[in-house]
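Structure file run_36.pdb; described as PDB, C-alpha atoms.
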MODEL        1
ATOM      1  CA  MET J   1       0.000   0.000   0.000
ATOM      2  CA  GLN J   2       2.816   2.362   0.938
ATOM      3  CA  SER J   3       4.538   1.697  -2.394
ATOM      4  CA  THR J   4       1.314   2.356  -4.306
ATOM      5  CA  ASN J   5       0.836   5.678  -2.529
ATOM      6  CA  HIS J   6       4.443   6.596  -3.274
ATOM      7  CA  ASP J   7       4.013   5.770  -6.967
ATOM      8  CA  SER J   8       0.805   7.789  -7.111
ATOM      9  CA  LEU J   9       2.561  10.756  -5.531
ATOM     10  CA  ILE J  10       5.419  10.546  -8.025
ATOM     11  CA  GLN J  11       2.948  10.383 -10.920
ATOM     12  CA  GLU J  12       1.056  13.375  -9.542
ATOM     13  CA  ILE J  13       4.270  15.365  -9.292
ATOM     14  CA  ASP J  14       5.264  14.394 -12.855
ATOM     15  CA  ASP J  15       1.847  15.402 -14.158
ATOM     16  CA  ASP J  16       2.011  18.728 -12.347
ATOM     17  CA  LEU J  17       5.471  19.465 -13.756
ATOM     18  CA  ALA J  18       4.300  18.596 -17.277
ATOM     19  CA  ARG J  19       1.298  20.887 -16.877
ATOM     20  CA  LYS J  20       3.493  23.755 -15.684
ATOM     21  CA  GLN J  21       5.876  23.238 -18.595
ATOM     22  CA  MET J  22       2.939  23.313 -21.016
ATOM     23  CA  GLU J  23       1.747  26.558 -19.461
ATOM     24  CA  ALA J  24       5.242  28.041 -19.731
ATOM     25  CA  LEU J  25       5.446  27.099 -23.410
ATOM     26  CA  TRP J  26       2.001  28.572 -24.054
ATOM     27  CA  LYS J  27       2.990  31.833 -22.341
ATOM     28  CA  LYS J  28       6.213  31.980 -24.343
ATOM     29  CA  TYR J  29       4.691  31.553 -27.782
ATOM     30  CA  ALA J  30       1.080  32.708 -27.459
ATOM     31  CA  PRO J  31       1.919  36.428 -27.841
ATOM     32  CA  PHE J  32       3.361  35.722 -31.298
ATOM     33  CA  VAL J  33       0.054  34.177 -32.278
ATOM     34  CA  ILE J  34      -2.398  36.446 -30.479
ATOM     35  CA  GLY J  35      -0.550  39.578 -31.513
ATOM     36  CA  GLY J  36       0.610  38.111 -34.839
ATOM     37  CA  ALA J  37       0.411  39.527 -38.343
ATOM     38  CA  LEU J  38      -3.186  40.688 -38.089
ATOM     39  CA  ALA J  39      -2.582  44.006 -39.821
ATOM     40  CA  ILE J  40      -0.586  42.397 -42.625
ATOM     41  CA  ILE J  41      -3.198  39.706 -43.309
ATOM     42  CA  VAL J  42      -6.060  42.176 -43.188
ATOM     43  CA  ALA J  43      -4.223  44.588 -45.464
ATOM     44  CA  THR J  44      -3.558  41.792 -47.945
ATOM     45  CA  ALA J  45      -7.188  40.716 -47.856
ATOM     46  CA  GLY J  46      -8.333  44.294 -48.296
ATOM     47  CA  ILE J  47      -6.014  45.006 -51.197
ATOM     48  CA  THR J  48      -7.155  41.804 -52.912
ATOM     49  CA  GLY J  49     -10.712  43.068 -52.716
ATOM     50  CA  TRP J  50      -9.806  46.562 -53.827
ATOM     51  CA  LYS J  51      -8.229  45.364 -57.066
ATOM     52  CA  ASN J  52     -11.686  44.583 -58.436
ATOM     53  CA  TYR J  53     -13.071  48.051 -57.736
ATOM     54  CA  THR J  54     -11.825  50.697 -60.118
ATOM     55  CA  THR J  55     -14.765  52.933 -61.146
ATOM     56  CA  GLN J  56     -14.783  56.529 -59.997
ATOM     57  CA  ALA J  57     -17.504  55.977 -57.394
ATOM     58  CA  GLU J  58     -15.723  52.932 -56.059
ATOM     59  CA  GLN J  59     -12.421  54.799 -55.932
ATOM     60  CA  LYS J  60     -14.157  57.518 -53.942
ATOM     61  CA  ALA J  61     -15.445  54.970 -51.435
ATOM     62  CA  THR J  62     -11.986  53.440 -51.157
ATOM     63  CA  GLN J  63     -10.452  56.848 -50.553
ATOM     64  CA  ALA J  64     -12.997  57.552 -47.812
ATOM     65  CA  LEU J  65     -11.993  54.331 -46.076
ATOM     66  CA  VAL J  66      -8.287  55.107 -46.438
ATOM     67  CA  GLU J  67      -8.905  58.488 -44.809
ATOM     68  CA  ILE J  68     -10.454  56.764 -41.786
ATOM     69  CA  VAL J  69      -7.450  54.442 -41.559
ATOM     70  CA  ASP J  70      -4.995  57.360 -41.696
ATOM     71  CA  LYS J  71      -6.892  59.875 -39.565
ATOM     72  CA  ASP J  72      -5.885  60.494 -35.949
ATOM     73  CA  TYR J  73      -9.005  60.356 -33.791
ATOM     74  CA  LYS J  74      -9.247  61.705 -30.257
ATOM     75  CA  THR J  75     -10.172  58.277 -28.936
ATOM     76  CA  PRO J  76     -10.046  54.698 -30.283
ATOM     77  CA  GLU J  77     -13.811  54.511 -29.751
ATOM     78  CA  GLU J  78     -14.285  57.311 -32.291
ATOM     79  CA  LYS J  79     -12.181  55.436 -34.839
ATOM     80  CA  ILE J  80     -14.147  52.239 -34.287
ATOM     81  CA  ALA J  81     -17.380  54.197 -34.679
ATOM     82  CA  ALA J  82     -16.094  55.719 -37.934
ATOM     83  CA  PHE J  83     -15.320  52.297 -39.377
ATOM     84  CA  GLU J  84     -18.704  50.946 -38.302
ATOM     85  CA  SER J  85     -20.486  53.980 -39.751
ATOM     86  CA  PHE J  86     -18.675  53.480 -43.043
ATOM     87  CA  ALA J  87     -19.654  49.795 -43.048
ATOM     88  CA  LYS J  88     -23.328  50.637 -42.514
ATOM     89  CA  GLY J  89     -23.361  53.324 -45.211
ATOM     90  CA  SER J  90     -21.397  51.635 -47.979
ATOM     91  CA  SER J  91     -22.740  49.264 -50.613
ATOM     92  CA  LYS J  92     -19.263  48.047 -51.586
ATOM     93  CA  LYS J  93     -19.079  44.702 -49.836
ATOM     94  CA  PRO J  94     -15.294  44.171 -49.865
ATOM     95  CA  LEU J  95     -14.798  47.658 -48.423
ATOM     96  CA  VAL J  96     -17.488  47.036 -45.810
ATOM     97  CA  VAL J  97     -15.708  43.852 -44.777
ATOM     98  CA  PHE J  98     -12.341  45.595 -44.652
ATOM     99  CA  ALA J  99     -13.824  48.370 -42.489
ATOM    100  CA  LYS J 100     -15.148  45.778 -40.054
ATOM    101  CA  PHE J 101     -11.777  44.020 -39.900
ATOM    102  CA  GLU J 102     -10.144  47.355 -39.109
ATOM    103  CA  ALA J 103     -12.754  48.171 -36.458
ATOM    104  CA  ALA J 104     -12.146  44.780 -34.846
ATOM    105  CA  ALA J 105      -8.369  45.319 -34.923
ATOM    106  CA  VAL J 106      -8.710  48.645 -33.114
ATOM    107  CA  ALA J 107     -11.083  47.049 -30.598
ATOM    108  CA  LEU J 108      -8.540  44.334 -29.848
ATOM    109  CA  GLU J 109      -5.793  46.902 -29.373
ATOM    110  CA  GLN J 110      -7.992  48.513 -26.733
ATOM    111  CA  SER J 111      -8.703  45.168 -25.023
ATOM    112  CA  LYS J 112     -12.324  45.273 -26.214
ATOM    113  CA  ARG J 113     -12.213  41.598 -27.061
ATOM    114  CA  ASP J 114     -15.956  40.949 -26.953
ATOM    115  CA  GLN J 115     -16.600  43.764 -29.426
ATOM    116  CA  ALA J 116     -13.940  42.433 -31.797
ATOM    117  CA  ILE J 117     -15.245  38.883 -31.565
ATOM    118  CA  ALA J 118     -18.776  40.087 -32.317
ATOM    119  CA  LEU J 119     -17.514  41.810 -35.476
ATOM    120  CA  TYR J 120     -15.589  38.726 -36.597
ATOM    121  CA  ASP J 121     -18.460  36.376 -35.853
ATOM    122  CA  GLY J 122     -20.884  38.606 -37.736
ATOM    123  CA  MET J 123     -18.724  38.466 -40.861
ATOM    124  CA  ALA J 124     -18.124  34.735 -40.522
ATOM    125  CA  ALA J 125     -21.874  34.107 -40.402
ATOM    126  CA  ASP J 126     -22.762  36.452 -43.284
ATOM    127  CA  ALA J 127     -23.386  34.380 -46.410
ATOM    128  CA  SER J 128     -23.027  37.485 -48.594
ATOM    129  CA  VAL J 129     -19.377  37.870 -47.565
ATOM    130  CA  ASP J 130     -16.778  36.283 -49.828
ATOM    131  CA  PRO J 131     -15.737  32.842 -48.453
ATOM    132  CA  LEU J 132     -12.113  34.042 -48.319
ATOM    133  CA  TYR J 133     -13.035  36.772 -45.838
ATOM    134  CA  ARG J 134     -15.480  34.580 -43.937
ATOM    135  CA  GLY J 135     -12.645  32.138 -43.325
ATOM    136  CA  LEU J 136     -10.377  34.967 -42.227
ATOM    137  CA  ALA J 137     -13.063  36.203 -39.827
ATOM    138  CA  ASP J 138     -13.336  32.705 -38.357
ATOM    139  CA  LEU J 139      -9.571  32.576 -37.969
ATOM    140  CA  PHE J 140      -9.389  35.952 -36.229
ATOM    141  CA  SER J 141     -12.302  35.113 -33.957
ATOM    142  CA  VAL J 142     -10.486  31.963 -32.853
ATOM    143  CA  GLN J 143      -7.266  33.962 -32.458
ATOM    144  CA  ALA J 144      -9.001  36.429 -30.150
ATOM    145  CA  GLN J 145     -10.242  33.550 -27.985
ATOM    146  CA  LEU J 146      -7.191  31.270 -27.961
ATOM    147  CA  ASP J 147      -6.436  31.789 -24.305
ATOM    148  CA  SER J 148     -10.000  31.948 -22.992
ATOM    149  CA  GLY J 149     -12.573  30.383 -25.335
ATOM    150  CA  ASP J 150     -13.961  26.863 -25.240
ATOM    151  CA  PRO J 151     -11.235  24.694 -26.846
ATOM    152  CA  ALA J 152     -13.656  22.210 -28.425
ATOM    153  CA  ALA J 153     -15.770  24.956 -29.989
ATOM    154  CA  LEU J 154     -12.717  26.769 -31.304
ATOM    155  CA  GLU J 155     -11.262  23.557 -32.704
ATOM    156  CA  ALA J 156     -14.521  22.926 -34.576
ATOM    157  CA  ARG J 157     -14.260  26.364 -36.182
ATOM    158  CA  LEU J 158     -10.688  25.698 -37.246
ATOM    159  CA  ALA J 159     -11.398  22.283 -38.790
ATOM    160  CA  PRO J 160     -12.670  23.521 -42.200
ATOM    161  CA  LEU J 161      -9.769  25.979 -42.409
ATOM    162  CA  MET J 162      -7.170  23.221 -42.007
ATOM    163  CA  THR J 163      -7.650  21.645 -45.444
ATOM    164  CA  MET J 164      -4.595  22.104 -47.656
ATOM    165  CA  GLU J 165      -6.553  24.027 -50.277
ATOM    166  CA  ASN J 166      -7.703  26.631 -47.750
ATOM    167  CA  PRO J 167      -5.537  29.775 -47.908
ATOM    168  CA  TRP J 168      -5.548  30.079 -44.101
ATOM    169  CA  HIS J 169      -4.510  26.490 -43.316
ATOM    170  CA  PHE J 170      -1.041  27.363 -41.968
ATOM    171  CA  SER J 171      -2.419  29.636 -39.249
ATOM    172  CA  ALA J 172      -5.321  27.270 -38.595
ATOM    173  CA  TYR J 173      -2.866  24.441 -37.893
ATOM    174  CA  GLU J 174      -0.841  26.656 -35.589
ATOM    175  CA  PHE J 175      -3.905  27.776 -33.641
ATOM    176  CA  ALA J 176      -5.085  24.166 -33.339
ATOM    177  CA  GLY J 177      -1.668  23.267 -31.954
ATOM    178  CA  TYR J 178      -1.886  25.978 -29.316
ATOM    179  CA  LEU J 179      -5.358  24.830 -28.328
ATOM    180  CA  ALA J 180      -3.990  21.317 -27.836
ATOM    181  CA  LEU J 181      -1.184  22.740 -25.711
ATOM    182  CA  ARG J 182      -3.632  24.765 -23.695
ATOM    183  CA  VAL J 183      -5.582  21.656 -22.665
ATOM    184  CA  GLY J 184      -2.400  19.644 -22.096
ATOM    185  CA  ASP J 185      -2.790  17.244 -25.035
ATOM    186  CA  LYS J 186       0.921  16.857 -25.713
ATOM    187  CA  GLU J 187       0.581  14.076 -28.279
ATOM    188  CA  LYS J 188      -1.948  15.936 -30.417
ATOM    189  CA  ALA J 189      -0.005  19.180 -30.201
ATOM    190  CA  GLY J 190       3.200  17.415 -31.220
ATOM    191  CA  LYS J 191       1.584  15.946 -34.319
ATOM    192  CA  LEU J 192       0.023  19.258 -35.353
ATOM    193  CA  PHE J 193       3.272  21.189 -35.026
ATOM    194  CA  ALA J 194       5.290  18.432 -36.709
ATOM    195  CA  ASP J 195       2.831  18.408 -39.625
ATOM    196  CA  LEU J 196       2.979  22.191 -39.825
ATOM    197  CA  LYS J 197       6.773  22.202 -39.796
ATOM    198  CA  ALA J 198       6.789  19.755 -42.723
ATOM    199  CA  MET J 199       4.369  21.749 -44.885
ATOM    200  CA  PRO J 200       5.922  23.170 -48.044
ATOM    201  CA  ASP J 201       5.671  26.935 -48.440
ATOM    202  CA  ALA J 202       4.873  27.556 -44.775
ATOM    203  CA  PRO J 203       5.912  31.094 -43.754
ATOM    204  CA  ALA J 204       9.445  31.028 -42.339
ATOM    205  CA  SER J 205       8.618  32.503 -38.932
ATOM    206  CA  LEU J 206       5.688  30.162 -38.480
ATOM    207  CA  ALA J 207       7.715  27.122 -39.540
ATOM    208  CA  MET J 208      10.440  28.087 -37.075
ATOM    209  CA  ARG J 209       7.973  28.315 -34.192
ATOM    210  CA  ALA J 210       6.437  24.997 -35.185
ATOM    211  CA  SER J 211       9.882  23.392 -35.350
ATOM    212  CA  ASP J 212      10.853  24.704 -31.901
ATOM    213  CA  ILE J 213       7.662  23.467 -30.290
ATOM    214  CA  ALA J 214       7.695  20.105 -32.097
ATOM    215  CA  GLN J 215      11.255  19.541 -30.892
ATOM    216  CA  TRP J 216      10.358  20.541 -27.354
ATOM    217  CA  LEU J 217       7.468  18.109 -27.355
ATOM    218  CA  SER J 218       9.426  15.259 -28.925
ATOM    219  CA  GLU J 219      12.088  15.587 -26.243
ATOM    220  CA  GLY J 220       9.418  15.278 -23.594
ATOM    221  CA  LYS J 221      10.486  18.386 -21.715
TER     222      LYS J 221
ENDMDL
END
Write the structure described by the file as structure tokens, please.
Amino acid sequence: MQSTNHDSLIQEIDDDLARKQMEALWKKYAPFVIGGALAIIVATAGITGWKNYTTQAEQKATQALVEIVDKDYKTPEEKIAAFESFAKGSSKKPLVVFAKFEAAAVALEQSKRDQAIALYDGMAADASVDPLYRGLADLFSVQAQLDSGDPAALEARLAPLMTMENPWHFSAYEFAGYLALRVGDKEKAGKLFADLKAMPDAPASLAMRASDIAQWLSEGK
């Protein structure tokens, strides 16, 4: 009996150490994900949409949106309101979507996570939004909830984005890996990061993070 209790205690200590190491790894790398290349991805998505809008009226609408982006407002709330007002008043769907992405980005910068998530979720659920942007909205909504949302629900949202033909699959794999780490599923996380590391054309910084974490997990640290 004494030996059994001793073994149980040792196992409990090992499990606790593993959990603490997982938490340390999450804290080390999560900021790169949560604060990642949001502006770059949104800008790319916006520019892609803008390329199809070249008439004078459409150029005018684009210029109005650019002015909101560049203008210094007294408060972040005023800038968010300006983006939302533009979105409500414009009939140019790609520009509306871009305005909402920008509003959500400002909201996140101000720690207004619920407001940002609501904007992302609204776009993700809007069938009139281009599937490319709906997927991006799903991705950003998950990103905003990586450290607090329900892991199973977030994983379900990532699943359709993880197919190789989806343009967001690299980030979707990374986010899924962090969710696995967050719940302590070392085996699943290891496979996700190893798969991500092996993907051709993965962004260099992302592949490096995946390689570091996959190695850490394979060594059982």
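Shortest atom-to-atom contact with J:Asp195 among J:Tyr178, J:Tyr173, J:Phe83, J:Phe98: J:Tyr173, counting only C-alpha atoms.
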Report as a PDB file with C-alpha atoms, in the frame of the given file the full result of the PyMOL selection byres ((chain J and resi 125) around 12) when it is applied to this structure.
ATOM      1  CA  ALA J 118     -18.776  40.087 -32.317  1.00  0.00           C
ATOM      2  CA  LEU J 119     -17.514  41.810 -35.476  1.00  0.00           C
ATOM      3  CA  TYR J 120     -15.589  38.726 -36.597  1.00  0.00           C
ATOM      4  CA  ASP J 121     -18.460  36.376 -35.853  1.00  0.00           C
ATOM      5  CA  GLY J 122     -20.884  38.606 -37.736  1.00  0.00           C
ATOM      6  CA  MET J 123     -18.724  38.466 -40.861  1.00  0.00           C
ATOM      7  CA  ALA J 124     -18.124  34.735 -40.522  1.00  0.00           C
ATOM      8  CA  ASP J 126     -22.762  36.452 -43.284  1.00  0.00           C
ATOM      9  CA  ALA J 127     -23.386  34.380 -46.410  1.00  0.00           C
ATOM     10  CA  SER J 128     -23.027  37.485 -48.594  1.00  0.00           C
ATOM     11  CA  VAL J 129     -19.377  37.870 -47.565  1.00  0.00           C
ATOM     12  CA  ASP J 130     -16.778  36.283 -49.828  1.00  0.00           C
ATOM     13  CA  PRO J 131     -15.737  32.842 -48.453  1.00  0.00           C
ATOM     14  CA  TYR J 133     -13.035  36.772 -45.838  1.00  0.00           C
ATOM     15  CA  ARG J 134     -15.480  34.580 -43.937  1.00  0.00           C
ATOM     16  CA  GLY J 135     -12.645  32.138 -43.325  1.00  0.00           C
ATOM     17  CA  LEU J 136     -10.377  34.967 -42.227  1.00  0.00           C
ATOM     18  CA  ALA J 137     -13.063  36.203 -39.827  1.00  0.00           C
ATOM     19  CA  ASP J 138     -13.336  32.705 -38.357  1.00  0.00           C
ATOM     20  CA  SER J 141     -12.302  35.113 -33.957  1.00  0.00           C
ATOM     21  CA  ARG J 157     -14.260  26.364 -36.182  1.00  0.00           C
TER      22      ARG J 157
END
For the structure provided, state which residues fall under the PyMOL selection byres ((chain J and resi 206) around 9), and present them as a list in words.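 Applied to this file, the PyMOL selection byres ((chain J and resi 206) around 9) selects Phe170, Ser171, Glu174, Leu196, Lys197, Ala202, Pro203, Ala204, Ser205, Ala207, Met208, Arg209, Ala210 and Ser211 of chain J.
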Have a look at atom CA of J:Glu155 and atom CA of J:Gln110 and let me know their distance in Å, one decimal.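 Interatomic distance, atom CA of J:Glu155 to atom CA of J:Gln110: 25.9 Å.
Atom pair atom CA of J:Pro76 / atom CA of J:Ala107: separated by 7.7 Å.
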